[in-house]
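Visitor: Let me begin by handing over the structure; questions about it come next.
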Number of protein chains: 2
Amino acid sequence: MGAGVVEKTLDLDGFDRKIINILSGEGRISVTELARRIGLSKSPTQARLKRLEESGVIRGYRALYDPILLGRDHVAFVEVKLSDTREAALAAFNKAVVVIPEVEQCHLIAGAFDYLLKVRTDGMIGYRAVLAEKISTLPHVSHTSTYVAMQAVKEDGVGGNGGGGT
Amino acid sequence: MGAGVVEKTLDLDGFDRKIINILSGEGRISVTELARRIGLSKSPTQARLKRLEESGVIRGYRALYDPILLGRDHVAFVEVKLSDTREAALAAFNKAVVVIPEVEQCHLIAGAFDYLLKVRTDGMIGYRAVLAEKISTLPHVSHTSTYVAMQAVKEDGVGGNGGGGT
DNA sequence: TATGAAATAATCCTACT
DNA sequence: AGTAGGATTATTTCATA
């Protein structure tokens with residue numbers, strides 16, 4: 001995305017695609033089951049899986065959690081405007097924002113050199129604290145606009161960490 | 001989120017929290033390894049894992065993919081305004097939007113009764129097709145504004161499906 | 001590159017502390 | 001409720017085609 005053309009030349013055939021699609025829904029099934037579903041025996045299935053993992057197509061596996069049961073059902077989207085949009089400023093912002101655990105997603109948006117953040121907390125009080133203490137103090141932030149989600153109509157599960165506690 | 005207080009009364013102790021945090025990063029490790037890491041023997045670890053799964057805290061497992069290697073690195077956020085925001089209209093919109101595979105996320109936003117959608121495609125051409133043929137034709141849509149992401153600064157992996165092909 | 005068999009390691013179940 | 005041990009099943013490696 002952006003600078004540098006990345007080598008996209010990995011040839012994924014139908015079996016690889018099937019593996020990808022199955023594992024996107026059920027990431028913990030056994031290789032035996034996976035082999036049965038794609039219609040191949042165990043060894044080649046395992047070899048393909050390993051190849052997908054080592055080539056970087058599969059970056060890892062994650063458990064999906066119920067945000068409500070974990071008490072982390074407050075989602076807000078934050079539009080962030082920067083006072084400086086030069087490369088160094090963007091890099092500083094990027095580096096600082098990725099380590100905030102409550103920030104689930106952060107995208108650089110075209111057109112206005114803004115960022116759009118997705119922030120998950122355990123409630124409005126927690127959100128205000130994150131906004132005041134973490135997001136507003138990020139490098140070169142000049143203005144933020146918050147949009148609170150009333151309902152997650154479609155969403156994948158939530159990661160385990162992010163302010164809860166280890 | 002919103003109507004109906006949900007029973008949050010599951011008591012998660014430190015071991016459960018450890019399980020949740022570990023599995024959020026490595027969702028495919030064995031129960032043996034999991035037991036070793038949380039400092040418990042295998043049987044209780046497995047019992048706790050099963051309890052977390054059956055209580056709904058863990059909703060499933062998913063493989064994370066590299067969007068670039070899969071050729072699905074175009075992300076856009078769409079603000080959708082509805083002409084009708086009564087309950088029935090919202091329900092109709094919700095029902096229709098969840099089945100669009102390119103829509104990764106959809107949130108009902110407070111304040112203006114808008115929706116914010118995250119749409120992933122294989123490029124601008126694919127995005128325009130999705131916007132014209134799928135999003136704009138959703139029930140009660142009156143207006144959309146698109147914000148294209150130039151860079152994913154922080155983001156979990158991507159699901160396997162969404163326009164690719166089975 | 002797929003198949004099939006043998007060694008290894010995981011899961012599952014039962015009994016004990 | 002956690003630990004320990006044994007039976008079942010899956011995964012891994014290796015040989016073969």
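Following the order of the structure tokens, first chain is A, next is B, and so on, with residues numbered from 1 inside each chain and ligands from 1 in the order they appear.
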Env of DA7 (chain D): 12 Å cut, atoms = only C-alpha atoms (C1' of nucleotides), seq-sep filter 4 positions within chain, self excluded. Answer as a CSV table (one decimal) with all heavy atoms, in the first residue's frame.

Guide:
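The resulting file, result_27.csv, is shown below:
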chain,number,residue,atom,x,y,z
C,11,DT,P,-3.4,-30.3,23.1
C,11,DT,OP1,-3.9,-29.0,22.6
C,11,DT,OP2,-2.7,-30.3,24.4
C,11,DT,O5',-4.6,-31.3,23.2
C,11,DT,C5',-5.3,-31.7,22.1
C,11,DT,C4',-6.2,-32.9,22.3
C,11,DT,O4',-5.3,-34.0,22.8
C,11,DT,C3',-7.3,-32.8,23.4
C,11,DT,O3',-8.5,-33.2,22.9
C,11,DT,C2',-6.7,-33.6,24.6
C,11,DT,C1',-6.0,-34.7,23.8
C,11,DT,N1,-4.9,-35.4,24.6
C,11,DT,C2,-5.0,-36.7,24.9
C,11,DT,O2,-5.9,-37.4,24.4
C,11,DT,N3,-4.0,-37.2,25.6
C,11,DT,C4,-2.9,-36.6,26.2
C,11,DT,O4,-2.1,-37.1,26.8
C,11,DT,C5,-2.9,-35.1,25.9
C,11,DT,C7,-1.8,-34.3,26.4
C,11,DT,C6,-3.9,-34.6,25.1
C,12,DC,P,-9.9,-32.8,23.7
C,12,DC,OP1,-10.9,-32.5,22.6
C,12,DC,OP2,-9.5,-31.7,24.6
C,12,DC,O5',-10.2,-34.1,24.5
C,12,DC,C5',-10.4,-35.3,23.7
C,12,DC,C4',-10.5,-36.5,24.7
C,12,DC,O4',-9.2,-36.7,25.3
C,12,DC,C3',-11.4,-36.3,25.9
C,12,DC,O3',-12.4,-37.3,25.9
C,12,DC,C2',-10.5,-36.2,27.1
C,12,DC,C1',-9.3,-37.0,26.6
C,12,DC,N1,-8.0,-36.7,27.3
C,12,DC,C2,-7.3,-37.7,27.9
C,12,DC,O2,-7.7,-38.9,27.8
C,12,DC,N3,-6.1,-37.4,28.5
C,12,DC,C4,-5.7,-36.2,28.6
C,12,DC,N4,-4.5,-35.9,29.2
C,12,DC,C5,-6.5,-35.1,28.0
C,12,DC,C6,-7.6,-35.4,27.4
C,13,DC,P,-13.7,-37.2,26.9
C,13,DC,OP1,-14.8,-37.6,26.1
C,13,DC,OP2,-13.6,-35.9,27.5
C,13,DC,O5',-13.4,-38.3,28.0
C,13,DC,C5',-12.9,-39.6,27.6
C,13,DC,C4',-12.3,-40.3,28.8
C,13,DC,O4',-11.0,-39.8,29.1
C,13,DC,C3',-13.1,-40.1,30.1
C,13,DC,O3',-13.5,-41.4,30.6
C,13,DC,C2',-12.3,-39.4,31.0
C,13,DC,C1',-10.9,-39.7,30.5
C,13,DC,N1,-9.8,-38.7,30.9
C,13,DC,C2,-8.6,-39.1,31.4
C,13,DC,O2,-8.4,-40.3,31.6
C,13,DC,N3,-7.6,-38.2,31.7
C,13,DC,C4,-7.9,-36.9,31.5
C,13,DC,N4,-6.9,-36.1,31.7
C,13,DC,C5,-9.1,-36.5,30.9
C,13,DC,C6,-10.0,-37.4,30.6
C,14,DT,P,-14.6,-41.6,31.7
C,14,DT,OP1,-15.5,-42.7,31.3
C,14,DT,OP2,-15.1,-40.3,32.1
C,14,DT,O5',-13.7,-42.1,33.0
C,14,DT,C5',-12.7,-43.2,32.7
C,14,DT,C4',-11.7,-43.3,33.9
C,14,DT,O4',-10.8,-42.2,33.8
C,14,DT,C3',-12.4,-43.2,35.3
C,14,DT,O3',-12.0,-44.3,36.1
C,14,DT,C2',-11.9,-41.9,35.8
C,14,DT,C1',-10.5,-41.7,35.1
C,14,DT,N1,-10.0,-40.3,35.0
C,14,DT,C2,-8.7,-40.1,35.4
C,14,DT,O2,-8.0,-40.9,35.8
C,14,DT,N3,-8.4,-38.7,35.2
C,14,DT,C4,-9.2,-37.7,34.8
C,14,DT,O4,-8.7,-36.6,34.7
C,14,DT,C5,-10.5,-38.1,34.4
C,14,DT,C7,-11.4,-37.0,33.9
C,14,DT,C6,-10.9,-39.4,34.5

Visitor: Show me which bits of chain B are within 6 Å of chain A, counting only C-alpha atoms, as a CSV table (one decimal) with all heavy atoms, in the first residue's frame.

Guide:
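Result went into result07.csv, see below:
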chain,number,residue,atom,x,y,z
B,1,MET,N,-25.3,-4.0,23.6
B,1,MET,CA,-25.0,-2.6,23.4
B,1,MET,C,-26.3,-1.8,23.3
B,1,MET,O,-26.9,-1.8,22.3
B,1,MET,CB,-24.2,-2.3,22.1
B,1,MET,CG,-23.0,-1.6,22.3
B,1,MET,SD,-22.3,-1.5,20.7
B,1,MET,CE,-20.6,-1.3,21.1
B,8,LYS,N,-23.4,-10.3,32.8
B,8,LYS,CA,-22.0,-10.3,32.7
B,8,LYS,C,-21.4,-11.1,33.8
B,8,LYS,O,-20.2,-11.0,34.1
B,8,LYS,CB,-21.5,-8.8,32.8
B,8,LYS,CG,-21.7,-8.0,31.6
B,8,LYS,CD,-20.9,-6.7,31.8
B,8,LYS,CE,-21.3,-5.7,30.7
B,8,LYS,NZ,-20.6,-4.4,30.9
B,20,ILE,N,-7.0,-16.1,28.0
B,20,ILE,CA,-7.5,-15.1,27.0
B,20,ILE,C,-6.4,-14.3,26.3
B,20,ILE,O,-6.4,-14.2,25.1
B,20,ILE,CB,-8.6,-14.2,27.6
B,20,ILE,CG1,-9.8,-15.0,28.0
B,20,ILE,CG2,-8.9,-13.0,26.8
B,20,ILE,CD1,-10.8,-14.3,28.9
B,21,ASN,N,-5.5,-13.8,27.1
B,21,ASN,CA,-4.4,-13.0,26.5
B,21,ASN,C,-3.5,-13.8,25.6
B,21,ASN,O,-3.1,-13.3,24.6
B,21,ASN,CB,-3.6,-12.3,27.7
B,21,ASN,CG,-4.4,-11.1,28.2
B,21,ASN,OD1,-5.0,-10.4,27.4
B,21,ASN,ND2,-4.2,-10.8,29.5
B,23,LEU,N,-4.2,-16.7,24.0
B,23,LEU,CA,-4.9,-17.1,22.8
B,23,LEU,C,-5.3,-16.0,21.9
B,23,LEU,O,-5.6,-16.2,20.7
B,23,LEU,CB,-6.2,-17.9,23.2
B,23,LEU,CG,-6.1,-19.4,23.1
B,23,LEU,CD1,-4.8,-19.9,23.6
B,23,LEU,CD2,-7.2,-20.1,23.8
B,24,SER,N,-5.3,-14.8,22.4
B,24,SER,CA,-5.5,-13.6,21.4
B,24,SER,C,-4.3,-13.4,20.5
B,24,SER,O,-4.5,-12.8,19.4
B,24,SER,CB,-5.8,-12.4,22.2
B,24,SER,OG,-4.6,-11.9,22.9
B,25,GLY,N,-3.2,-13.9,21.0
B,25,GLY,CA,-2.0,-13.7,20.1
B,25,GLY,C,-1.6,-15.0,19.4
B,25,GLY,O,-1.2,-14.9,18.2
B,26,GLU,N,-1.8,-16.1,20.0
B,26,GLU,CA,-1.5,-17.4,19.4
B,26,GLU,C,-2.6,-18.4,19.6
B,26,GLU,O,-2.6,-19.1,20.6
B,26,GLU,CB,-0.2,-18.0,20.0
B,26,GLU,CG,1.0,-17.0,19.9
B,26,GLU,CD,2.3,-17.7,20.1
B,26,GLU,OE1,2.5,-18.8,19.5
B,26,GLU,OE2,3.1,-17.2,20.9
B,27,GLY,N,-3.5,-18.3,18.7
B,27,GLY,CA,-4.8,-19.1,18.8
B,27,GLY,C,-4.7,-20.5,18.5
B,27,GLY,O,-5.7,-21.3,18.6
B,28,ARG,N,-3.5,-21.0,18.1
B,28,ARG,CA,-3.5,-22.4,17.7
B,28,ARG,C,-2.5,-23.2,18.5
B,28,ARG,O,-2.1,-24.3,18.1
B,28,ARG,CB,-3.1,-22.4,16.2
B,28,ARG,CG,-3.9,-23.4,15.4
B,28,ARG,CD,-3.4,-23.4,13.9
B,28,ARG,NE,-3.3,-24.8,13.4
B,28,ARG,CZ,-4.3,-25.5,12.9
B,28,ARG,NH1,-5.5,-24.9,12.9
B,28,ARG,NH2,-4.2,-26.7,12.4
B,57,VAL,N,-17.5,-16.8,25.8
B,57,VAL,CA,-16.5,-15.8,25.9
B,57,VAL,C,-15.5,-15.9,24.7
B,57,VAL,O,-15.3,-14.9,24.0
B,57,VAL,CB,-15.7,-15.9,27.2
B,57,VAL,CG1,-14.5,-15.0,27.2
B,57,VAL,CG2,-16.5,-15.6,28.4
B,58,ILE,N,-15.1,-17.1,24.4
B,58,ILE,CA,-14.4,-17.4,23.2
B,58,ILE,C,-15.4,-17.8,22.1
B,58,ILE,O,-16.1,-18.8,22.3
B,58,ILE,CB,-13.3,-18.5,23.4
B,58,ILE,CG1,-12.3,-18.0,24.4
B,58,ILE,CG2,-12.7,-18.9,22.1
B,58,ILE,CD1,-11.2,-19.1,24.7
B,59,ARG,N,-15.5,-17.0,21.1
B,59,ARG,CA,-16.5,-17.3,20.1
B,59,ARG,C,-16.0,-18.1,18.9
B,59,ARG,O,-16.7,-18.6,18.1
B,59,ARG,CB,-17.0,-16.0,19.5
B,59,ARG,CG,-17.7,-15.1,20.6
B,59,ARG,CD,-18.6,-14.1,19.9
B,59,ARG,NE,-17.9,-13.3,18.8
B,59,ARG,CZ,-18.3,-12.2,18.4
B,59,ARG,NH1,-19.4,-11.6,18.9
B,59,ARG,NH2,-17.7,-11.6,17.4
B,60,GLY,N,-14.7,-18.3,18.9
B,60,GLY,CA,-14.1,-19.1,17.8
B,60,GLY,C,-12.7,-18.7,17.6
B,60,GLY,O,-12.1,-18.0,18.4
B,61,TYR,N,-12.1,-19.3,16.5
B,61,TYR,CA,-10.7,-19.0,16.2
B,61,TYR,C,-10.6,-18.7,14.8
B,61,TYR,O,-11.4,-19.2,13.9
B,61,TYR,CB,-9.9,-20.3,16.6
B,61,TYR,CG,-10.0,-20.7,18.0
B,61,TYR,CD1,-10.9,-21.6,18.4
B,61,TYR,CD2,-9.1,-20.2,18.9
B,61,TYR,CE1,-11.1,-22.0,19.7
B,61,TYR,CE2,-9.2,-20.6,20.3
B,61,TYR,CZ,-10.2,-21.4,20.7
B,61,TYR,OH,-10.3,-21.8,22.0
B,62,ARG,N,-9.6,-17.9,14.4
B,62,ARG,CA,-9.5,-17.4,13.1
B,62,ARG,C,-8.0,-17.3,12.7
B,62,ARG,O,-7.2,-16.9,13.5
B,62,ARG,CB,-10.1,-16.1,13.0
B,62,ARG,CG,-10.7,-15.7,11.6
B,62,ARG,CD,-11.3,-14.4,11.6
B,62,ARG,NE,-10.2,-13.3,11.7
B,62,ARG,CZ,-10.5,-12.1,11.5
B,62,ARG,NH1,-11.7,-11.6,11.2
B,62,ARG,NH2,-9.5,-11.2,11.6
B,63,ALA,N,-7.7,-17.6,11.5
B,63,ALA,CA,-6.4,-17.4,10.9
B,63,ALA,C,-6.3,-15.9,10.4
B,63,ALA,O,-7.3,-15.4,9.9
B,63,ALA,CB,-6.1,-18.3,9.8
B,64,LEU,N,-5.2,-15.3,10.6
B,64,LEU,CA,-5.0,-13.9,10.2
B,64,LEU,C,-4.1,-14.0,8.9
B,64,LEU,O,-3.1,-14.6,8.9
B,64,LEU,CB,-4.3,-13.1,11.2
B,64,LEU,CG,-5.0,-13.1,12.6
B,64,LEU,CD1,-4.1,-12.3,13.6
B,64,LEU,CD2,-6.3,-12.4,12.5
B,65,TYR,N,-4.5,-13.2,7.9
B,65,TYR,CA,-3.8,-13.2,6.6
B,65,TYR,C,-3.2,-11.9,6.3
B,65,TYR,O,-3.6,-10.8,6.8
B,65,TYR,CB,-4.8,-13.6,5.5
B,65,TYR,CG,-5.5,-14.9,5.7
B,65,TYR,CD1,-6.8,-15.0,6.1
B,65,TYR,CD2,-4.7,-16.1,5.6
B,65,TYR,CE1,-7.4,-16.3,6.3
B,65,TYR,CE2,-5.3,-17.3,5.9
B,65,TYR,CZ,-6.6,-17.4,6.2
B,65,TYR,OH,-7.2,-18.6,6.4
B,66,ASP,N,-2.2,-11.9,5.5
B,66,ASP,CA,-1.6,-10.7,5.0
B,66,ASP,C,-2.4,-10.2,3.8
B,66,ASP,O,-2.5,-10.8,2.8
B,66,ASP,CB,-0.2,-11.0,4.5
B,66,ASP,CG,0.6,-9.7,4.2
B,66,ASP,OD1,0.0,-8.9,3.6
B,66,ASP,OD2,1.8,-9.6,4.6
B,69,LEU,N,-0.4,-9.7,0.4
B,69,LEU,CA,-0.1,-11.0,-0.3
B,69,LEU,C,-1.4,-11.6,-0.9
B,69,LEU,O,-1.3,-12.3,-1.9
B,69,LEU,CB,0.6,-12.0,0.7
B,69,LEU,CG,2.0,-11.6,1.1
B,69,LEU,CD1,2.5,-12.6,2.1
B,69,LEU,CD2,2.9,-11.5,-0.1
B,98,VAL,N,-25.0,-7.2,6.5
B,98,VAL,CA,-24.2,-8.2,7.1
B,98,VAL,C,-23.8,-9.3,6.1
B,98,VAL,O,-22.8,-10.0,6.3
B,98,VAL,CB,-24.8,-8.9,8.3
B,98,VAL,CG1,-24.9,-7.9,9.5
B,98,VAL,CG2,-26.1,-9.5,8.0
B,105,GLN,N,-16.8,-4.5,8.6
B,105,GLN,CA,-17.3,-4.0,9.8
B,105,GLN,C,-18.5,-3.0,9.4
B,105,GLN,O,-18.4,-2.3,8.4
B,105,GLN,CB,-16.3,-3.2,10.6
B,105,GLN,CG,-15.2,-4.1,11.1
B,105,GLN,CD,-14.1,-3.3,11.8
B,105,GLN,OE1,-14.3,-2.2,12.2
B,105,GLN,NE2,-13.0,-4.0,12.0
B,106,CYS,N,-19.4,-3.0,10.3
B,106,CYS,CA,-20.5,-2.0,10.2
B,106,CYS,C,-21.0,-1.6,11.6
B,106,CYS,O,-21.4,-2.5,12.4
B,106,CYS,CB,-21.7,-2.7,9.4
B,106,CYS,SG,-23.2,-1.6,9.3
B,107,HIS,N,-21.0,-0.3,11.8
B,107,HIS,CA,-21.4,0.2,13.1
B,107,HIS,C,-22.5,1.2,13.0
B,107,HIS,O,-22.4,2.1,12.1
B,107,HIS,CB,-20.2,0.8,13.9
B,107,HIS,CG,-19.2,-0.2,14.4
B,107,HIS,ND1,-19.3,-0.8,15.6
B,107,HIS,CD2,-18.2,-0.9,13.7
B,107,HIS,CE1,-18.3,-1.7,15.8
B,107,HIS,NE2,-17.6,-1.7,14.6
B,108,LEU,N,-23.5,1.2,13.8
B,108,LEU,CA,-24.5,2.2,13.9
B,108,LEU,C,-23.9,3.3,14.8
B,108,LEU,O,-23.5,3.1,15.9
B,108,LEU,CB,-25.8,1.6,14.5
B,108,LEU,CG,-26.9,2.6,14.7
B,108,LEU,CD1,-27.4,3.1,13.4
B,108,LEU,CD2,-28.1,1.9,15.4
B,109,ILE,N,-23.9,4.5,14.2
B,109,ILE,CA,-23.2,5.6,14.9
B,109,ILE,C,-24.2,6.6,15.6
B,109,ILE,O,-25.2,6.9,15.0
B,109,ILE,CB,-22.3,6.4,13.9
B,109,ILE,CG1,-21.3,5.5,13.2
B,109,ILE,CG2,-21.7,7.6,14.6
B,109,ILE,CD1,-20.3,4.9,14.2
B,110,ALA,N,-23.9,6.9,16.8
B,110,ALA,CA,-24.8,7.8,17.5
B,110,ALA,C,-24.7,9.3,17.0
B,110,ALA,O,-23.7,9.7,16.4
B,110,ALA,CB,-24.5,7.8,19.0
B,148,VAL,N,-11.0,6.9,1.6
B,148,VAL,CA,-10.1,5.8,1.2
B,148,VAL,C,-8.8,5.8,2.1
B,148,VAL,O,-8.3,6.8,2.4
B,148,VAL,CB,-9.7,5.9,-0.2
B,148,VAL,CG1,-8.6,4.9,-0.6
B,148,VAL,CG2,-10.9,5.9,-1.1
B,149,ALA,N,-8.5,4.6,2.6
B,149,ALA,CA,-7.3,4.5,3.4
B,149,ALA,C,-6.0,4.4,2.6
B,149,ALA,O,-6.0,3.7,1.6
B,149,ALA,CB,-7.4,3.2,4.3
B,150,MET,N,-5.1,5.2,2.9
B,150,MET,CA,-3.8,5.2,2.2
B,150,MET,C,-2.8,4.2,2.8
B,150,MET,O,-2.0,3.6,2.2
B,150,MET,CB,-3.1,6.5,2.2
B,150,MET,CG,-3.9,7.5,1.4
B,150,MET,SD,-2.9,8.9,0.9
B,150,MET,CE,-2.5,9.6,2.6
B,151,GLN,N,-3.0,4.0,4.1
B,151,GLN,CA,-2.1,3.1,4.8
B,151,GLN,C,-2.8,2.5,6.0
B,151,GLN,O,-3.5,3.3,6.8
B,151,GLN,CB,-0.8,3.9,5.3
B,151,GLN,CG,0.2,3.0,5.9
B,151,GLN,CD,1.3,3.8,6.6
B,151,GLN,OE1,1.4,5.1,6.5
B,151,GLN,NE2,2.3,3.2,7.2
B,152,ALA,N,-2.6,1.2,6.3
B,152,ALA,CA,-3.1,0.6,7.5
B,152,ALA,C,-2.0,0.7,8.5
B,152,ALA,O,-1.1,-0.1,8.5
B,152,ALA,CB,-3.5,-0.8,7.2
B,153,VAL,N,-2.1,1.7,9.4
B,153,VAL,CA,-1.1,1.9,10.4
B,153,VAL,C,-1.2,0.8,11.5
B,153,VAL,O,-0.2,0.2,11.9
B,153,VAL,CB,-1.2,3.3,11.1
B,153,VAL,CG1,-0.2,3.5,12.2
B,153,VAL,CG2,-1.1,4.3,10.0
B,154,LYS,N,-2.4,0.5,11.9
B,154,LYS,CA,-2.6,-0.6,12.8
B,154,LYS,C,-3.9,-1.3,12.5
B,154,LYS,O,-4.9,-0.8,12.3
B,154,LYS,CB,-2.7,0.0,14.3
B,154,LYS,CG,-2.8,-1.1,15.3
B,154,LYS,CD,-2.8,-0.5,16.7
B,154,LYS,CE,-2.7,-1.6,17.8
B,154,LYS,NZ,-2.6,-1.1,19.1
B,155,GLU,N,-3.7,-2.7,12.3
B,155,GLU,CA,-4.9,-3.4,11.9
B,155,GLU,C,-4.6,-4.9,12.1
B,155,GLU,O,-3.5,-5.4,12.0
B,155,GLU,CB,-5.1,-3.2,10.4
B,155,GLU,CG,-6.4,-3.8,9.8
B,155,GLU,CD,-6.5,-3.5,8.4
B,155,GLU,OE1,-5.5,-3.5,7.6
B,155,GLU,OE2,-7.7,-3.2,8.0
B,159,GLY,N,-9.8,-11.5,7.1
B,159,GLY,CA,-10.5,-12.8,6.9
B,159,GLY,C,-10.3,-13.3,5.5
B,159,GLY,O,-9.8,-12.6,4.6
B,160,GLY,N,-10.6,-14.5,5.3
B,160,GLY,CA,-10.3,-15.2,4.1
B,160,GLY,C,-11.2,-14.8,2.9
B,160,GLY,O,-10.8,-14.7,1.8
B,161,ASN,N,-12.5,-14.6,3.2
B,161,ASN,CA,-13.4,-14.5,2.1
B,161,ASN,C,-13.7,-13.0,1.8
B,161,ASN,O,-13.2,-12.1,2.5
B,161,ASN,CB,-14.7,-15.2,2.5
B,161,ASN,CG,-15.3,-15.8,1.2
B,161,ASN,OD1,-15.0,-15.4,0.1
B,161,ASN,ND2,-16.1,-16.9,1.4

Visitor: Considering only C-alpha atoms (C1' of nucleotides), tabulate each residue of chain D that lies at most 12 Å from chain B along with its nearest interatomic pair and the corresponding distance in Å to one decimal; arrange the rows by chain and ascending residue number and present them as a tab-separated table.

Guide:
residue	atom	partner	partner_atom	distance
D:DA1	C1'	B:Pro44	CA	8.2
D:DG2	C1'	B:Pro44	CA	6.8
D:DT3	C1'	B:Ser41	CA	7.0
D:DA4	C1'	B:Ser41	CA	9.4
D:DG5	C1'	B:Ser43	CA	11.8
D:DA10	C1'	B:Ser30	CA	11.7
D:DT11	C1'	B:Ser30	CA	11.4

Visitor: Taking the backbone alone, and naming residues the way the document does, which bits of region 35-114 of chain B are strand (DSSP E) by DSSP, as an mmCIF file with C-alpha atoms, in the first residue's frame?

Guide:
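The resulting out30.cif:
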data_model
loop_
_atom_site.group_PDB
_atom_site.id
_atom_site.type_symbol
_atom_site.label_atom_id
_atom_site.label_comp_id
_atom_site.auth_asym_id
_atom_site.auth_seq_id
_atom_site.Cartn_x
_atom_site.Cartn_y
_atom_site.Cartn_z
ATOM 1 C CA ILE B 58 -14.382 -17.407 23.189
ATOM 2 C CA ARG B 59 -16.522 -17.271 20.086
ATOM 3 C CA GLY B 60 -14.119 -19.057 17.802
ATOM 4 C CA TYR B 61 -10.704 -19.036 16.232
ATOM 5 C CA ARG B 62 -9.478 -17.427 13.077
ATOM 6 C CA ALA B 63 -6.379 -17.373 10.926
ATOM 7 C CA LEU B 64 -4.971 -13.940 10.161
ATOM 8 C CA TYR B 65 -3.843 -13.211 6.632
ATOM 9 C CA HIS B 74 -7.739 -1.638 -0.554
ATOM 10 C CA VAL B 75 -9.591 -0.365 2.492
ATOM 11 C CA ALA B 76 -12.276 2.291 2.459
ATOM 12 C CA PHE B 77 -14.540 3.696 5.132
ATOM 13 C CA VAL B 78 -18.024 4.627 4.083
ATOM 14 C CA GLU B 79 -20.319 6.913 5.951
ATOM 15 C CA VAL B 80 -23.894 6.007 5.133
ATOM 16 C CA LYS B 81 -26.881 8.227 5.751
ATOM 17 C CA LEU B 82 -30.363 6.767 5.771
ATOM 18 C CA VAL B 103 -18.092 -5.158 4.352
ATOM 19 C CA GLU B 104 -15.762 -6.155 7.147
ATOM 20 C CA GLN B 105 -17.342 -3.976 9.784
ATOM 21 C CA CYS B 106 -20.544 -2.029 10.184
ATOM 22 C CA HIS B 107 -21.405 0.170 13.135
ATOM 23 C CA LEU B 108 -24.478 2.211 13.901
ATOM 24 C CA ILE B 109 -23.203 5.634 14.892
ATOM 25 C CA ASP B 114 -25.508 7.085 10.412
#

Visitor: Given only C-alpha atoms (C1' of nucleotides), how would the per-residue table for chain C near chain A read, listing every residue at most 9 Å away with its closest atom pair and distance in Å to one decimal, sorted by chain and number, as CSV?

Guide:
residue,atom,partner,partner_atom,distance
C:DT1,C1',A:Pro44,CA,8.0
C:DA2,C1',A:Pro44,CA,6.7
C:DT3,C1',A:Ser41,CA,7.6

Visitor: Please dump the current selection as a compact mmCIF listing (two decimals), in the first residue's frame; keep all heavy atoms.

Guide:
# COMPACT_ATOMS: atom_id res chain seq x y z
P DT C 1 5.84 -29.05 -5.84
OP1 DT C 1 5.19 -27.87 -6.32
OP2 DT C 1 6.76 -28.98 -4.70
O5' DT C 1 4.74 -30.13 -5.47
C5' DT C 1 3.91 -30.55 -6.56
C4' DT C 1 3.32 -31.89 -6.24
O4' DT C 1 4.36 -32.91 -6.31
C3' DT C 1 2.72 -32.01 -4.83
O3' DT C 1 1.34 -32.24 -4.92
C2' DT C 1 3.47 -33.19 -4.20
C1' DT C 1 3.99 -33.94 -5.41
N1 DT C 1 5.20 -34.76 -5.10
C2 DT C 1 5.15 -36.12 -5.36
O2 DT C 1 4.17 -36.68 -5.82
N3 DT C 1 6.29 -36.80 -5.05
C4 DT C 1 7.45 -36.28 -4.51
O4 DT C 1 8.41 -37.01 -4.27
C5 DT C 1 7.44 -34.86 -4.27
C7 DT C 1 8.64 -34.19 -3.69
C6 DT C 1 6.33 -34.17 -4.57
P DA C 2 0.48 -32.36 -3.58
OP1 DA C 2 -0.74 -31.60 -3.86
OP2 DA C 2 1.30 -32.04 -2.40
O5' DA C 2 0.08 -33.91 -3.51
C5' DA C 2 -0.76 -34.44 -4.51
C4' DA C 2 -0.85 -35.95 -4.37
O4' DA C 2 0.48 -36.50 -4.34
C3' DA C 2 -1.55 -36.44 -3.10
O3' DA C 2 -2.45 -37.48 -3.41
C2' DA C 2 -0.42 -36.90 -2.20
C1' DA C 2 0.64 -37.34 -3.21
N9 DA C 2 2.00 -37.16 -2.72
C8 DA C 2 2.62 -35.98 -2.42
N7 DA C 2 3.86 -36.12 -2.01
C5 DA C 2 4.07 -37.48 -2.03
C6 DA C 2 5.19 -38.28 -1.69
N6 DA C 2 6.33 -37.77 -1.25
N1 DA C 2 5.05 -39.62 -1.84
C2 DA C 2 3.89 -40.11 -2.29
N3 DA C 2 2.79 -39.47 -2.63
C4 DA C 2 2.94 -38.15 -2.48
P DT C 3 -3.45 -37.99 -2.26
OP1 DT C 3 -4.69 -38.40 -2.96
OP2 DT C 3 -3.49 -36.99 -1.20
O5' DT C 3 -2.78 -39.31 -1.69
C5' DT C 3 -2.57 -40.43 -2.58
C4' DT C 3 -1.70 -41.46 -1.89
O4' DT C 3 -0.41 -40.88 -1.57
C3' DT C 3 -2.24 -42.02 -0.56
O3' DT C 3 -2.57 -43.38 -0.74
C2' DT C 3 -1.09 -41.81 0.43
C1' DT C 3 0.11 -41.59 -0.50
N1 DT C 3 1.19 -40.76 0.10
C2 DT C 3 2.34 -41.38 0.50
O2 DT C 3 2.52 -42.59 0.43
N3 DT C 3 3.29 -40.54 1.02
C4 DT C 3 3.20 -39.16 1.16
O4 DT C 3 4.10 -38.51 1.64
C5 DT C 3 1.96 -38.58 0.71
C7 DT C 3 1.75 -37.10 0.81
C6 DT C 3 1.02 -39.39 0.20

Visitor: Grab the CA of Ile38 (chain A) to C1' of DA5 (chain C) distance for me, in Å with one decimal place.

Guide: 22.2 Å

Visitor: Between A:Ala47, A:Thr85, A:Asp16, A:Ala35, which residue has the minimum interatomic distance to DT12 (chain D), considering only C-alpha atoms (C1' of nucleotides)?

Guide: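 Smallest separation from DT12 (chain D) among the options: A:Ala47.
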
Visitor: Name all residues at most 9 Å from Gln46 (chain A) (count only C-alpha atoms (C1' of nucleotides); drop same-chain ones fewer than 6 positions away) and give them as an MDAnalysis selection string.

Guide: chainID A and resid 31:32 34:35

Visitor: Now that the selection is made, can you save its residues with C-alpha atoms as an mmCIF file, in the first residue's frame?

Guide:
data_model
loop_
_atom_site.group_PDB
_atom_site.id
_atom_site.type_symbol
_atom_site.label_atom_id
_atom_site.label_comp_id
_atom_site.auth_asym_id
_atom_site.auth_seq_id
_atom_site.Cartn_x
_atom_site.Cartn_y
_atom_site.Cartn_z
ATOM 1 C CA VAL A 31 -4.953 -30.844 9.964
ATOM 2 C CA THR A 32 -6.805 -34.124 9.643
ATOM 3 C CA LEU A 34 -8.751 -29.722 7.172
ATOM 4 C CA ALA A 35 -7.472 -32.413 4.834
#
